[in-house]
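Everything on this sheet refers to the single structure shown next.
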Amino acid sequence: MSTLYAWLFDAYPSEAGMTTWWIDADGRAQALTDDLTPAFYVQGPHADLHALCLWLRARAPVPVSLQRTERTDLFLDRPIEVLAVGVPRPAAFQRLFRQTADAFPSLTYYDADIPLPQRYVLTRGIFPLAYCAVEHQDGRVIEIQPLDSPWEPEYRLPPLRVMALRLDGELRDPSRGHRGDLLIEVDGRQHAFPRRHGRQLVLGVRHLLEQHDPDLLVTAFGDSFLLPRLLEPSQHYGVPLPLNRDPHQAVAHKAAHSYFSYGRIVFRNEQHLLFGRWHIDRQNAFLADDYGLEGSLEIARLTGMPVQTVARVSTGTGISAMQVATAWRRGVLVPWQKRHPESLKTVGDLLVADKGGLVYTPIVGLHQHVAELDFSAMYPSIMVRFNLSPETVGRSCCEGTPIPEIGTPVCTHRQGLVPETLAPLLEKRFRYKALIRELSDDDPRKEVYRRRYSAHKWLLVTCFGYLGYKNARFGRIEAHEAVTAYGREVLLRAKELVEGRGFRVLHVYVDGLWIEKPGAHLRPDYDALLDEIRRATGLHIGLEGVYRWVAFLPSRVEPRISVANRYFGAFEDGSVKVRGIEARRHDTPRFIRETQLGMLDILAEGRDVAGFRRTVPDAIRYVRRRLQALRTGQVPLQDLVVTHRLARAPQEFVVRTAAARVAQQLSQAGVQLSPGESLRFVYVPGPEKARAWELVEDHPPYDAQAYTELLLRAVESLLLPVGVDRRMLDLWVLGNAGYWGPPGALPPPGADGHAPLLAAAARVSMLRPALRTILTPAPPPADATRPQRDAPWGRLQTPRLALPTPDEIRYAAREA
DNA sequence: TACAGTCGGGG
DNA sequence: GTGTACGACTGTA
């Protein structure tokens, strides 16, 4: 018997049980076999369970262990009697369960669809990438001692050998036509393989795999193109290709599919997954640009999900897995999650939906020295702080605490499953935030921590939606509504405190407030206020920053009203924040985004509203240079690529939009497009209008006029707050001389003598004080004991219920 | 003008 | 293998 000190790299069912892969500090990979007897639980009438036992003994294709036992039902909060069906051959588990459920459809099943890799780490008390002491003998695991915790922010990871595979040329989807040579980078060297030589190609890749034995294949389009195009000739020529480290496994393939998410259709491309080695396709990764590999590894450690899965699914899957883990550790039955596609008609509201978060109509225009206060991770914090969970809302097990507005009691005698899952996550995220603040910018750990922090953010963001999602295992709409009710209450509480300290509230948006007070424009001016809000709400609120200036934009359709979510501003440190405007949108070409942000950087040099106005001539000069480059054909085509998501099948388009034309072009070129796939195209002159990026050869001219339109629109968004509209821009930027004198020379605010200005400003109604009054929220009522709440957030006339203090939430029973 | 089609939001 | 909303906005016909 010997002991191996190593990180858990991979675990999956195999003929011999569970195959586990370990990587030690020297980077050596080693496989060990372990036992696992996964069990599902069945509940129902005794006679039926008896029949099931007989059936399993006589008909089950693999040996099973049957046992009557007790497990806890989450909603009953007490043990119930169930039949445990254990399957000592984990590879046969899923099939056996299927057959059972088909034969006995009326029984209730639990723990039936917890993925085996997660079940394995739960059973062993470990997690993916955990550093462990593994006792083993003859290739089998005897015992595993974890020397690592998923809640420790600073941890070591195994050294990983990476092999990168991609096609030569710009990044374009190769299955839509454009193909270069295969480039493989490993150990600091690059190897090129001409695309036509099938057999040579396979032999060459095989040689590199054997020589370097990488732990990780990072590809661009590996899932949908590279791996299948390597496996094809490998089969054809009979040359085995060891993409897997485990020679007994074939590469796993999952087909492409489209599904709905956030009310829009999403396309998930096919997948090719490896055994004993990871394949991560950066083009098929969820949020890869945001949290990257470091974030994916962190999510794998926290959720127990395999790294290859984490890299391809939404973080909602991760939160669900964490809730399952909490239930499993508590001995709580995990409901079998059936598909209910027909019952998906009504779904909980999204964060910004009108029934959900509190949304205010901001005071339109340019403001100076405004502070933005944000509750950090507000909804998850509310779930933890007020114990909101599917099984705690509306329970009669104890007196409970009534929910604001709604009045339904929430159990206080026991911590809910969702809060129990989220609390350590919030805590760890908080610790990363502190670490990031402490580290200097050149410390390499800073970026790693930032990515893990970002991964936590996305886990926390999805947990709220999950509570209201009918198909979620631990979802319940009442709990979801309780969260938004508390959210509104907390924001109103904060708003009252802010106003009580003499600040004016310019805007409120779900978890943030924009406030101003003459004279207050330094961080310390807000410390006492933040403390007061923290004390009153029990939630953490932070100062996002103080703006030199911030502009809330009016609606483009109805200029007299403001919209909640189109704004931009410059903080005291010169950094900028934008929401809703062109630079923020995914369909804006890079050239337009960079021009808008470049212009914003110039405007950000202005220290206040007057400073903003003084920088406008510089900004205009910058825009003119950019426009000059655009109109003389100097902008590289890849900076002009527009991305759209295909919302339907190409033949289903009714209107001949650019996207519809491009989809048609691709279809004619033999490319199969599915709903939810991204389209990339450039605007070209003439009747063609737009051409698919993948079908662009050489350097065709682009439609400078179309891009000029986009650019001027982006510029207009930034200058509208100082009364510059599109007509004035045309005159300044397109070079028609001296309408207002030199380009960028702003008319003075409210310059009555200038008839043309008034004409131009007619659309820019934010400058008119009369409209401002209408949009300004009513002052606090005289009778402050019972605040009247009017228009912007209506329906809040119900008497206020006190928020419980932390001391009031005590749990009689709390499990580790 | 009607309406088809696409986007954001969270930090 | 995980949210079938909603309002703003642009473009076509």
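Naming works like this for the structure tokens: A, B, ... for the chains as they're shown, residue 1 at the start of each chain, ligands 1 onward in shown order.
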May I have all residues of region 65-224 of chain A that DSSP, computed from the backbone, assigns to alpha helix (DSSP H), given as number ranges by chain? A: 93-103, 116-124, 198-212
Counting only C-alpha atoms (C1' of nucleotides), chain C residues within 7 Å of chain A, as a PyMOL selection string: chain C and resi 2-6+12
Could you take the residues named above and write them with N, CA and C atoms (P, O5', C5', C4', C3', O3' and C1' of nucleotides), as an mmCIF file, in the first residue's frame?
```cif
data_model
loop_
_atom_site.group_PDB
_atom_site.id
_atom_site.type_symbol
_atom_site.label_atom_id
_atom_site.label_comp_id
_atom_site.auth_asym_id
_atom_site.auth_seq_id
_atom_site.Cartn_x
_atom_site.Cartn_y
_atom_site.Cartn_z
ATOM 1 P P DT C 2 -27.813 23.815 -19.784
ATOM 2 O "O5'" DT C 2 -28.991 24.771 -19.281
ATOM 3 C "C5'" DT C 2 -30.286 24.591 -19.837
ATOM 4 C "C4'" DT C 2 -31.274 24.750 -18.725
ATOM 5 C "C3'" DT C 2 -31.052 26.030 -17.915
ATOM 6 O "O3'" DT C 2 -32.240 26.806 -18.030
ATOM 7 C "C1'" DT C 2 -31.418 24.159 -16.506
ATOM 8 P P DG C 3 -32.317 28.009 -18.983
ATOM 9 O "O5'" DG C 3 -33.361 28.809 -18.130
ATOM 10 C "C5'" DG C 3 -34.422 28.085 -17.502
ATOM 11 C "C4'" DG C 3 -35.446 29.115 -17.150
ATOM 12 C "C3'" DG C 3 -35.904 29.901 -18.361
ATOM 13 O "O3'" DG C 3 -37.327 29.924 -18.353
ATOM 14 C "C1'" DG C 3 -35.039 31.364 -16.718
ATOM 15 P P DT C 4 -38.379 30.906 -18.504
ATOM 16 O "O5'" DT C 4 -39.410 29.916 -19.095
ATOM 17 C "C5'" DT C 4 -40.542 30.364 -19.858
ATOM 18 C "C4'" DT C 4 -40.073 31.205 -20.990
ATOM 19 C "C3'" DT C 4 -41.237 31.938 -21.624
ATOM 20 O "O3'" DT C 4 -41.031 33.329 -21.412
ATOM 21 C "C1'" DT C 4 -40.152 30.485 -23.213
ATOM 22 P P DA C 5 -41.739 34.376 -22.221
ATOM 23 O "O5'" DA C 5 -41.639 35.561 -21.171
ATOM 24 C "C5'" DA C 5 -41.458 35.363 -19.770
ATOM 25 C "C4'" DA C 5 -41.531 36.732 -19.138
ATOM 26 C "C3'" DA C 5 -42.381 37.726 -19.907
ATOM 27 O "O3'" DA C 5 -43.008 38.588 -18.966
ATOM 28 C "C1'" DA C 5 -40.130 38.449 -19.916
ATOM 29 P P DC C 6 -44.088 39.569 -19.420
ATOM 30 O "O5'" DC C 6 -43.264 40.886 -19.728
ATOM 31 C "C5'" DC C 6 -42.559 41.533 -18.689
ATOM 32 C "C4'" DC C 6 -41.729 42.629 -19.298
ATOM 33 C "C3'" DC C 6 -42.472 43.435 -20.363
ATOM 34 O "O3'" DC C 6 -42.793 44.691 -19.806
ATOM 35 C "C1'" DC C 6 -40.215 42.949 -20.973
ATOM 36 P P DT C 12 -33.364 48.109 -43.431
ATOM 37 O "O5'" DT C 12 -34.807 47.461 -43.583
ATOM 38 C "C5'" DT C 12 -34.982 46.104 -43.231
ATOM 39 C "C4'" DT C 12 -36.401 45.692 -43.505
ATOM 40 C "C3'" DT C 12 -36.878 46.002 -44.926
ATOM 41 O "O3'" DT C 12 -37.547 44.850 -45.384
ATOM 42 C "C1'" DT C 12 -38.337 46.998 -43.352
#
```
Run DSSP on the backbone and grab whatever in region 8-228 of chain A lands in strand (DSSP E); send it over as a ChimeraX atom specification. /A:8-14,17-24,29-34,39-43,65-73,78-86,108-110,131-137,140-146,162-167,182-186,189-193,216-219
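You will find CA of Gly27 (chain A) at 17.8 Å from CA of Ala164 (chain A).
For region 5-8 of chain B, the set of protein, DNA and RNA residues having any atom at most 10 Å away, when counting only C-alpha atoms (C1' of nucleotides) and skipping those fewer than 2 positions along the same chain, is A:Arg264, A:Val352, A:Asn565, A:Arg566, A:Arg579, A:Gly580, A:Ile581, A:Arg584, A:Arg585, A:His586, A:Asp587, A:His644, A:Arg645, A:Leu646, A:Ala647, A:Arg648, A:Phe653, A:Val654, A:Val655, A:Thr657, A:Ala659, A:Ala660, B:DC3, C:DA8, C:DC9, C:DT10, C:DG11.
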For the selection you just gave me, I'd like the residues written to a file as a compact mmCIF listing (two decimals), in the first residue's frame, keeping N, CA and C atoms (P, O5', C5', C4', C3', O3' and C1' of nucleotides).
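The resulting file, out.txt, is shown below:
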```txt
# COMPACT_ATOMS: atom_id res chain seq x y z
N ARG A 264 -34.86 34.10 -24.70
CA ARG A 264 -34.35 34.07 -26.06
C ARG A 264 -33.76 32.70 -26.32
N VAL A 352 -34.92 42.50 -13.77
CA VAL A 352 -35.31 43.86 -14.10
C VAL A 352 -36.79 43.98 -14.45
N ASN A 565 -32.29 52.61 -17.92
CA ASN A 565 -31.02 51.93 -18.07
C ASN A 565 -30.15 52.38 -19.22
N ARG A 566 -30.25 53.62 -19.59
CA ARG A 566 -29.27 54.16 -20.54
C ARG A 566 -28.57 55.31 -19.87
N ARG A 579 -23.91 52.03 -19.48
CA ARG A 579 -24.96 51.03 -19.51
C ARG A 579 -25.94 51.38 -20.63
N GLY A 580 -26.29 50.36 -21.36
CA GLY A 580 -27.36 50.52 -22.34
C GLY A 580 -26.98 51.20 -23.65
N ILE A 581 -25.90 51.99 -23.65
CA ILE A 581 -25.55 52.69 -24.89
C ILE A 581 -24.77 51.77 -25.82
N ARG A 584 -22.01 49.18 -25.13
CA ARG A 584 -22.34 48.08 -24.25
C ARG A 584 -23.01 46.94 -25.01
N ARG A 585 -23.45 47.22 -26.20
CA ARG A 585 -24.23 46.21 -26.93
C ARG A 585 -23.36 45.27 -27.72
N HIS A 586 -23.78 44.02 -27.76
CA HIS A 586 -22.98 43.00 -28.42
C HIS A 586 -23.01 43.12 -29.94
N ASP A 587 -24.00 43.83 -30.46
CA ASP A 587 -24.07 43.91 -31.92
C ASP A 587 -23.33 45.13 -32.47
N HIS A 644 -24.94 39.28 -34.71
CA HIS A 644 -26.36 39.16 -34.36
C HIS A 644 -26.65 37.73 -33.98
N ARG A 645 -27.63 37.59 -33.14
CA ARG A 645 -28.04 36.23 -32.81
C ARG A 645 -29.25 35.87 -33.64
N LEU A 646 -29.18 34.69 -34.24
CA LEU A 646 -30.26 34.23 -35.11
C LEU A 646 -31.41 33.74 -34.25
N ALA A 647 -32.56 34.42 -34.35
CA ALA A 647 -33.66 34.08 -33.45
C ALA A 647 -34.55 32.99 -34.02
N ARG A 648 -34.35 32.61 -35.24
CA ARG A 648 -35.22 31.60 -35.86
C ARG A 648 -34.46 30.92 -36.98
N PHE A 653 -37.66 33.81 -41.68
CA PHE A 653 -37.64 35.27 -41.62
C PHE A 653 -38.73 35.86 -42.51
N VAL A 654 -39.42 36.87 -42.00
CA VAL A 654 -40.45 37.54 -42.75
C VAL A 654 -39.87 38.80 -43.39
N VAL A 655 -39.05 39.48 -42.63
CA VAL A 655 -38.50 40.75 -43.08
C VAL A 655 -37.06 40.54 -43.53
N THR A 657 -34.13 41.66 -43.22
CA THR A 657 -33.11 42.41 -42.49
C THR A 657 -31.73 41.93 -42.92
N ALA A 659 -29.55 40.56 -41.10
CA ALA A 659 -29.32 39.23 -40.57
C ALA A 659 -30.02 38.16 -41.41
N ALA A 660 -31.21 38.49 -41.88
CA ALA A 660 -31.95 37.53 -42.70
C ALA A 660 -31.21 37.26 -44.01
P DC B 3 -49.67 45.87 -36.56
O5' DC B 3 -48.19 45.29 -36.70
C5' DC B 3 -47.73 44.79 -37.95
C4' DC B 3 -46.28 44.42 -37.78
C3' DC B 3 -45.99 43.69 -36.45
O3' DC B 3 -44.96 42.74 -36.67
C1' DC B 3 -44.59 45.46 -36.66
P DA C 8 -39.98 51.42 -22.54
O5' DA C 8 -38.64 51.30 -23.40
C5' DA C 8 -37.39 51.25 -22.74
C4' DA C 8 -36.28 51.21 -23.76
C3' DA C 8 -36.42 52.26 -24.86
O3' DA C 8 -35.14 52.82 -25.06
C1' DA C 8 -36.34 50.09 -25.83
P DC C 9 -34.98 54.08 -26.01
O5' DC C 9 -34.63 53.39 -27.39
C5' DC C 9 -33.45 52.62 -27.50
C4' DC C 9 -33.48 51.88 -28.80
C3' DC C 9 -33.81 52.77 -30.01
O3' DC C 9 -32.60 52.96 -30.72
C1' DC C 9 -34.82 50.62 -30.12
P DT C 10 -32.57 53.81 -32.04
O5' DT C 10 -32.59 52.68 -33.15
C5' DT C 10 -31.63 51.62 -33.11
C4' DT C 10 -31.90 50.70 -34.26
C3' DT C 10 -32.05 51.39 -35.61
O3' DT C 10 -31.23 50.73 -36.53
C1' DT C 10 -33.91 50.02 -35.19
P DG C 11 -31.00 51.31 -37.98
O5' DG C 11 -31.97 50.39 -38.85
C5' DG C 11 -31.66 49.01 -38.96
C4' DG C 11 -32.84 48.35 -39.61
C3' DG C 11 -33.19 48.93 -40.98
O3' DG C 11 -33.08 47.88 -41.92
C1' DG C 11 -35.13 48.76 -39.60
```
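Note that the spacing between CA of Asp26 (chain A) and CA of Trp278 (chain A) amounts to 18.3 Å.
For the atom pair formed by CA of Arg493 (chain A) and CA of Leu388 (chain A), the distance is 19.2 Å, given to one decimal.
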